[in-house]
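The structure file query01.tsv is reproduced below (TSV, C-alpha atoms).
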```tsv
chain	number	residue	atom	x	y	z
A	1	MET	CA	-60.28	89.32	161.19
A	2	THR	CA	-61.54	85.87	160.19
A	3	PRO	CA	-61.48	85.14	156.47
A	4	VAL	CA	-64.84	84.49	154.80
A	5	ALA	CA	-65.46	81.42	152.57
A	6	THR	CA	-61.75	80.81	152.03
A	7	PRO	CA	-62.02	77.42	150.22
A	8	PHE	CA	-64.62	78.75	147.78
A	9	PHE	CA	-62.57	81.81	146.85
A	10	PHE	CA	-59.33	79.81	146.74
A	11	TYR	CA	-60.75	77.33	144.22
A	12	LEU	CA	-62.47	80.07	142.21
A	13	LEU	CA	-59.28	82.16	141.94
A	14	SER	CA	-57.16	79.06	141.24
A	15	GLY	CA	-59.52	78.12	138.42
A	16	ILE	CA	-59.32	81.62	136.94
A	17	MET	CA	-55.51	81.57	137.21
A	18	LEU	CA	-55.09	78.15	135.60
A	19	ILE	CA	-57.57	78.85	132.78
A	20	GLY	CA	-55.80	82.16	132.15
A	21	GLY	CA	-52.42	80.41	132.10
A	22	ILE	CA	-53.66	77.78	129.64
A	23	LEU	CA	-55.05	80.55	127.40
A	24	VAL	CA	-51.69	82.37	127.54
A	25	ILE	CA	-49.76	79.43	126.12
A	26	THR	CA	-52.37	78.27	123.59
A	27	ARG	CA	-53.76	81.40	121.92
A	28	LYS	CA	-52.64	82.23	118.40
A	29	ASN	CA	-52.96	86.00	118.78
A	30	PRO	CA	-50.39	87.48	121.23
A	31	VAL	CA	-52.87	90.23	122.22
A	32	HIS	CA	-55.30	87.59	123.47
A	33	SER	CA	-52.43	85.93	125.36
A	34	ALA	CA	-51.55	89.26	126.98
A	35	LEU	CA	-55.15	89.86	128.06
A	36	ALA	CA	-55.36	86.32	129.52
A	37	LEU	CA	-52.09	86.99	131.38
A	38	ILE	CA	-53.57	90.19	132.85
A	39	VAL	CA	-56.56	88.18	134.15
A	40	THR	CA	-54.14	85.65	135.67
A	41	LEU	CA	-52.13	88.41	137.36
A	42	LEU	CA	-55.24	90.05	138.84
A	43	ALA	CA	-56.47	86.70	140.21
A	44	GLN	CA	-53.04	86.18	141.71
A	45	ALA	CA	-53.22	89.59	143.38
A	46	SER	CA	-56.48	88.46	145.00
A	47	ILE	CA	-54.74	85.30	146.23
A	48	TYR	CA	-52.04	87.52	147.78
A	49	LEU	CA	-54.83	89.31	149.64
A	50	MET	CA	-56.05	85.93	150.93
A	51	LEU	CA	-52.50	85.28	152.18
A	52	TYR	CA	-52.52	88.56	154.17
A	53	ALA	CA	-50.06	90.30	151.85
A	54	PRO	CA	-51.91	93.49	150.80
A	55	PHE	CA	-48.76	95.42	149.88
A	56	VAL	CA	-47.52	92.73	147.50
A	57	ALA	CA	-51.03	92.55	146.02
A	58	GLY	CA	-50.97	96.31	145.34
A	59	VAL	CA	-47.48	96.11	143.83
A	60	GLN	CA	-48.65	93.20	141.68
A	61	ILE	CA	-51.59	95.18	140.28
A	62	ILE	CA	-49.72	98.48	139.78
A	63	LEU	CA	-46.42	97.13	138.51
A	64	TYR	CA	-47.37	93.89	136.73
A	65	ALA	CA	-50.88	94.44	135.41
A	66	GLY	CA	-50.34	98.19	135.00
A	67	GLY	CA	-46.69	98.50	133.97
A	68	ILE	CA	-45.19	95.36	132.51
A	69	MET	CA	-48.30	94.27	130.62
A	70	VAL	CA	-48.68	97.72	129.02
A	71	LEU	CA	-45.06	97.37	127.87
A	72	PHE	CA	-45.91	93.95	126.40
A	73	LEU	CA	-49.01	95.26	124.59
A	74	PHE	CA	-47.01	98.24	123.28
A	75	VAL	CA	-44.34	95.94	121.81
A	76	ILE	CA	-47.01	93.63	120.33
A	77	MET	CA	-48.46	96.67	118.52
A	78	LEU	CA	-44.94	97.63	117.36
A	79	VAL	CA	-43.98	94.29	115.77
A	80	SER	CA	-46.28	92.90	113.11
A	81	VAL	CA	-48.20	89.90	114.39
A	82	GLU	CA	-50.24	89.18	111.26
A	83	ARG	CA	-47.53	87.08	109.63
A	84	SER	CA	-46.70	85.02	112.70
A	85	MET	CA	-50.39	84.29	113.24
A	86	LYS	CA	-50.53	82.53	109.87
A	87	GLU	CA	-47.50	80.35	110.71
A	88	ARG	CA	-47.31	77.16	112.76
A	89	GLN	CA	-47.62	78.07	116.46
A	90	PHE	CA	-45.69	75.22	118.10
A	91	ASN	CA	-42.09	74.36	117.25
A	92	SER	CA	-40.89	70.99	116.03
A	93	GLN	CA	-39.57	69.95	119.47
A	94	TRP	CA	-42.99	70.17	121.09
A	95	VAL	CA	-43.07	66.41	121.86
A	96	VAL	CA	-39.75	66.69	123.73
A	97	GLY	CA	-41.07	69.80	125.48
A	98	MET	CA	-44.21	67.95	126.59
A	99	ILE	CA	-42.11	65.03	127.87
A	100	ALA	CA	-39.81	67.38	129.82
A	101	ALA	CA	-42.77	69.24	131.34
A	102	THR	CA	-44.43	65.93	132.29
A	103	ALA	CA	-41.22	64.77	133.96
A	104	LEU	CA	-41.05	68.04	135.90
A	105	GLY	CA	-44.70	67.59	136.91
A	106	GLY	CA	-43.96	64.05	138.12
A	107	LEU	CA	-41.09	65.46	140.20
A	108	PHE	CA	-43.42	68.06	141.76
A	109	ILE	CA	-46.05	65.38	142.53
A	110	ALA	CA	-43.40	63.11	144.11
A	111	VAL	CA	-42.03	65.93	146.28
A	112	TYR	CA	-45.44	67.18	147.38
A	113	THR	CA	-46.86	63.73	148.21
A	114	LYS	CA	-43.77	62.51	150.06
A	115	GLY	CA	-42.86	65.82	151.70
A	116	THR	CA	-46.17	66.92	153.25
A	117	SER	CA	-44.72	66.51	156.75
A	118	ILE	CA	-42.21	69.30	156.02
A	119	PHE	CA	-45.04	71.82	155.75
A	120	PRO	CA	-47.10	72.14	158.93
A	121	ASP	CA	-50.75	72.64	158.02
A	122	HIS	CA	-51.33	75.38	160.57
A	123	ALA	CA	-50.14	78.83	159.61
A	124	LEU	CA	-48.57	81.10	162.21
A	125	SER	CA	-50.45	84.23	163.13
A	126	ILE	CA	-49.27	87.15	161.04
A	127	VAL	CA	-49.53	90.86	161.75
A	128	GLU	CA	-52.40	92.03	159.59
A	129	ASP	CA	-52.92	95.71	160.27
A	130	ASN	CA	-49.38	97.05	159.65
A	131	ASN	CA	-48.20	94.90	156.77
A	132	THR	CA	-46.84	97.81	154.73
A	133	GLN	CA	-44.90	99.17	157.70
A	134	GLU	CA	-43.33	95.76	158.33
A	135	VAL	CA	-42.32	95.40	154.67
A	136	ALA	CA	-40.85	98.92	154.66
A	137	LYS	CA	-38.88	98.29	157.87
A	138	LEU	CA	-37.25	95.21	156.34
A	139	LEU	CA	-36.76	96.83	152.94
A	140	TYR	CA	-35.01	99.91	154.34
A	141	GLY	CA	-33.33	98.10	157.24
A	142	GLN	CA	-32.12	94.56	156.87
A	143	TYR	CA	-32.37	94.45	153.06
A	144	MET	CA	-30.98	97.96	152.44
A	145	PHE	CA	-28.05	96.71	150.36
A	146	ALA	CA	-30.24	94.44	148.22
A	147	PHE	CA	-32.62	97.38	147.73
A	148	GLU	CA	-29.78	99.57	146.40
A	149	ILE	CA	-28.58	96.75	144.13
A	150	ALA	CA	-32.15	96.45	142.79
A	151	SER	CA	-32.18	100.14	141.86
A	152	LEU	CA	-28.82	99.69	140.11
A	153	LEU	CA	-30.30	96.70	138.25
A	154	LEU	CA	-33.21	98.84	137.08
A	155	LEU	CA	-30.79	101.51	135.85
A	156	VAL	CA	-28.82	98.89	133.90
A	157	ALA	CA	-32.10	97.53	132.48
A	158	ILE	CA	-33.17	101.02	131.32
A	159	ILE	CA	-29.82	101.61	129.58
A	160	GLY	CA	-29.85	98.09	128.12
A	161	ALA	CA	-33.38	98.44	126.75
A	162	VAL	CA	-32.57	101.79	125.11
A	163	VAL	CA	-29.33	100.44	123.59
A	164	MET	CA	-31.11	97.33	122.28
A	165	ALA	CA	-34.10	99.11	120.79
A	166	LYS	CA	-32.28	102.12	119.30
A	167	LYS	CA	-31.48	102.02	115.59
A	168	ARG	CA	-28.02	103.51	115.86
A	169	ILE	CA	-26.28	104.72	118.97
B	1	MET	CA	-63.01	65.92	151.42
B	2	GLU	CA	-61.84	67.37	154.71
B	3	SER	CA	-58.40	68.10	153.24
B	4	MET	CA	-60.06	69.70	150.20
B	5	LEU	CA	-62.02	72.18	152.31
B	6	HIS	CA	-59.19	73.14	154.66
B	7	ILE	CA	-56.83	75.36	152.67
B	8	THR	CA	-53.22	74.84	153.77
B	9	THR	CA	-49.88	76.03	152.46
B	10	LEU	CA	-49.65	72.89	150.35
B	11	HIS	CA	-52.66	74.00	148.29
B	12	TYR	CA	-50.88	77.22	147.37
B	13	LEU	CA	-47.69	75.31	146.56
B	14	VAL	CA	-49.58	72.94	144.23
B	15	LEU	CA	-51.18	75.94	142.50
B	16	GLY	CA	-47.71	77.50	142.11
B	17	ALA	CA	-46.33	74.23	140.70
B	18	ALA	CA	-49.18	74.03	138.16
B	19	LEU	CA	-48.55	77.62	137.06
B	20	PHE	CA	-44.80	76.90	136.83
B	21	LEU	CA	-45.50	73.87	134.61
B	22	LEU	CA	-47.70	75.94	132.30
B	23	GLY	CA	-44.89	78.49	131.98
B	24	VAL	CA	-42.27	75.82	131.26
B	25	LEU	CA	-44.57	74.27	128.64
B	26	GLY	CA	-45.00	77.68	126.99
B	27	VAL	CA	-41.26	78.37	126.92
B	28	LEU	CA	-40.45	74.94	125.47
B	29	THR	CA	-43.15	74.66	122.81
B	30	ARG	CA	-44.19	78.09	121.49
B	31	ARG	CA	-42.50	79.76	118.51
B	32	ASN	CA	-43.66	83.34	119.08
B	33	VAL	CA	-41.04	85.26	121.12
B	34	VAL	CA	-43.68	87.50	122.75
B	35	ILE	CA	-45.53	84.47	124.14
B	36	VAL	CA	-42.24	82.91	125.30
B	37	LEU	CA	-41.55	86.10	127.31
B	38	MET	CA	-45.10	85.96	128.74
B	39	SER	CA	-44.49	82.34	129.78
B	40	ILE	CA	-41.36	83.49	131.64
B	41	GLU	CA	-43.60	85.98	133.49
B	42	LEU	CA	-45.87	83.04	134.41
B	43	ILE	CA	-42.87	81.17	135.86
B	44	LEU	CA	-41.77	84.20	137.92
B	45	ASN	CA	-45.33	84.60	139.24
B	46	ALA	CA	-45.44	80.95	140.32
B	47	VAL	CA	-42.23	81.53	142.31
B	48	ASN	CA	-43.76	84.68	143.86
B	49	LEU	CA	-46.84	82.72	144.93
B	50	ASN	CA	-44.63	80.17	146.70
B	51	LEU	CA	-42.65	82.93	148.44
B	52	VAL	CA	-45.78	84.68	149.75
B	53	ALA	CA	-47.32	81.35	150.84
B	54	PHE	CA	-44.18	80.49	152.84
B	55	SER	CA	-44.19	84.00	154.27
B	56	ARG	CA	-47.72	83.31	155.56
B	57	LEU	CA	-46.65	79.90	156.86
B	58	TRP	CA	-43.77	81.18	158.98
B	59	GLY	CA	-45.54	84.34	160.10
B	60	GLY	CA	-43.05	86.97	158.87
B	61	VAL	CA	-42.83	89.35	155.93
B	62	HIS	CA	-39.38	88.26	154.67
B	63	GLY	CA	-40.98	86.23	151.88
B	64	GLN	CA	-43.06	89.22	150.81
B	65	VAL	CA	-39.94	91.42	150.63
B	66	PHE	CA	-38.28	88.78	148.48
B	67	ALA	CA	-41.38	88.66	146.25
B	68	ILE	CA	-41.03	92.42	145.71
B	69	PHE	CA	-37.42	91.89	144.64
B	70	VAL	CA	-38.56	89.20	142.20
B	71	ILE	CA	-41.14	91.64	140.75
B	72	THR	CA	-38.32	94.20	140.28
B	73	ASP	CA	-36.28	91.58	138.45
B	74	ALA	CA	-39.29	90.70	136.30
B	75	ALA	CA	-39.65	94.36	135.30
B	76	ALA	CA	-35.96	94.59	134.35
B	77	GLU	CA	-36.15	91.29	132.46
B	78	ALA	CA	-39.26	92.36	130.54
B	79	ALA	CA	-37.68	95.69	129.54
B	80	VAL	CA	-34.43	94.12	128.28
B	81	GLY	CA	-36.23	91.14	126.70
B	82	LEU	CA	-38.63	93.34	124.76
B	83	GLY	CA	-35.69	95.56	123.68
B	84	ILE	CA	-33.94	92.46	122.32
B	85	LEU	CA	-37.21	91.46	120.63
B	86	ILE	CA	-37.43	94.83	118.85
B	87	ALA	CA	-33.79	94.57	117.69
B	88	PHE	CA	-34.46	91.01	116.49
B	89	PHE	CA	-37.60	92.03	114.62
B	90	ARG	CA	-35.71	94.87	112.91
B	91	ASN	CA	-33.02	92.48	111.65
B	92	LYS	CA	-35.11	89.43	110.69
B	93	GLU	CA	-38.61	90.87	110.09
B	94	THR	CA	-40.13	88.05	112.13
B	95	VAL	CA	-40.94	87.16	115.74
B	96	ASN	CA	-40.35	83.43	115.24
B	97	ILE	CA	-37.85	82.14	117.80
B	98	ASP	CA	-36.75	79.32	115.46
B	99	GLU	CA	-35.01	81.99	113.37
B	100	VAL	CA	-32.57	82.63	116.24
B	101	ASN	CA	-30.16	79.94	115.08
B	102	LEU	CA	-26.77	81.65	114.66
B	103	LEU	CA	-25.19	79.41	117.32
B	104	LYS	CA	-26.71	76.25	115.86
B	105	TRP	CA	-24.21	73.69	114.65
```
As structure tokens - that is how I would like this structure written.
Amino acid sequence: MTPVATPFFFYLLSGIMLIGGILVITRKNPVHSALALIVTLLAQASIYLMLYAPFVAGVQIILYAGGIMVLFLFVIMLVSVERSMKERQFNSQWVVGMIAATALGGLFIAVYTKGTSIFPDHALSIVEDNNTQEVAKLLYGQYMFAFEIASLLLLVAIIGAVVMAKKRI
Amino acid sequence: MESMLHITTLHYLVLGAALFLLGVLGVLTRRNVVIVLMSIELILNAVNLNLVAFSRLWGGVHGQVFAIFVITDAAAEAAVGLGILIAFFRNKETVNIDEVNLLKW
């Protein structure tokens, strides 16, 4: 299947993602930041679809926009945000932070302008119609051990979150 | 103009780098712990975008599998991080990350 109007949708979704990201780190109210982050995550799921990764796009929407962001909003409701909204929003090292981020951006620009020959500009043909099956074959075959470790990690995270948030154990 | 209209892997990598920079800027400059955690999610998403773009470039689904593992890690990190945030808020009655200064000299 040939993609339709790829440059237009790429630039549209990139614009939505970057504006959402800027809103996340500049808004005073954490609820607004969370909503901007949800918009960013949904636009990123669409970009996954453009990269022929429908399963990752579905996982992104269900797990990130549906699971993790609900957890974030729940915790924002739990802690009081009124006081922190009246305070200064950026810490006193923000100049150093800006300088460090600019240096990192310069590094990225240097790598991506000098290293374009590393990335061939033609993409290999990818199996489109059985993406989920391919992911499942790798997940339950070659990456079986990593998959089991990931479930153990989730168990540890559940126990850790309960221990952290509980008043007394 | 020709390179602008032909979307290659490099375009996705530049988008990922821009998102990564926004996340780093948020982690380094914001005082609200909730927004610092959200900036960490932005960083993890930038890495995921790179992984899926490389997966498309080399024609396999290994990068996508790795992206799913990164999403699992992000879920675990968010759960533990928000648990720490609740414990912190109970002790200090604030969400300001400048108050976390017990190890400061």
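With only C-alpha atoms as the atoms that count, the residue of B:Ala76, B:Ala87, B:Leu21, B:Leu57 with the shortest distance to Ile118 in chain A is B:Leu57.
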Using all atoms listed in the file: which of A:Leu107, A:Ile62, A:Met144, A:Leu139 has the shortest distance to chain B: A:Leu139
For a quick test of understanding: name the residues of chain A lying within 7 Å of chain B when counting all atoms listed in the file, and present them as a ChimeraX atom specification. /A:7,14,18,21-22,25,30,51,56,68,75,79,84,89-91,93-94,97-98,101,105,108,121,123-126,134-135,139,154,157,160-161,164-165
Tell me, in Å to one decimal, how far CA of Ser33 in chain A is from CA of Met85 in chain A. 12.4 Å
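In this structure, CA of Leu12 in chain A sits 19.7 Å away from CA of Ala65 in chain A.
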For CA of Tyr143 in chain A and CA of Ile61 in chain A, quote the distance in Å rounded to one decimal.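 A separation of 23.1 Å between them.
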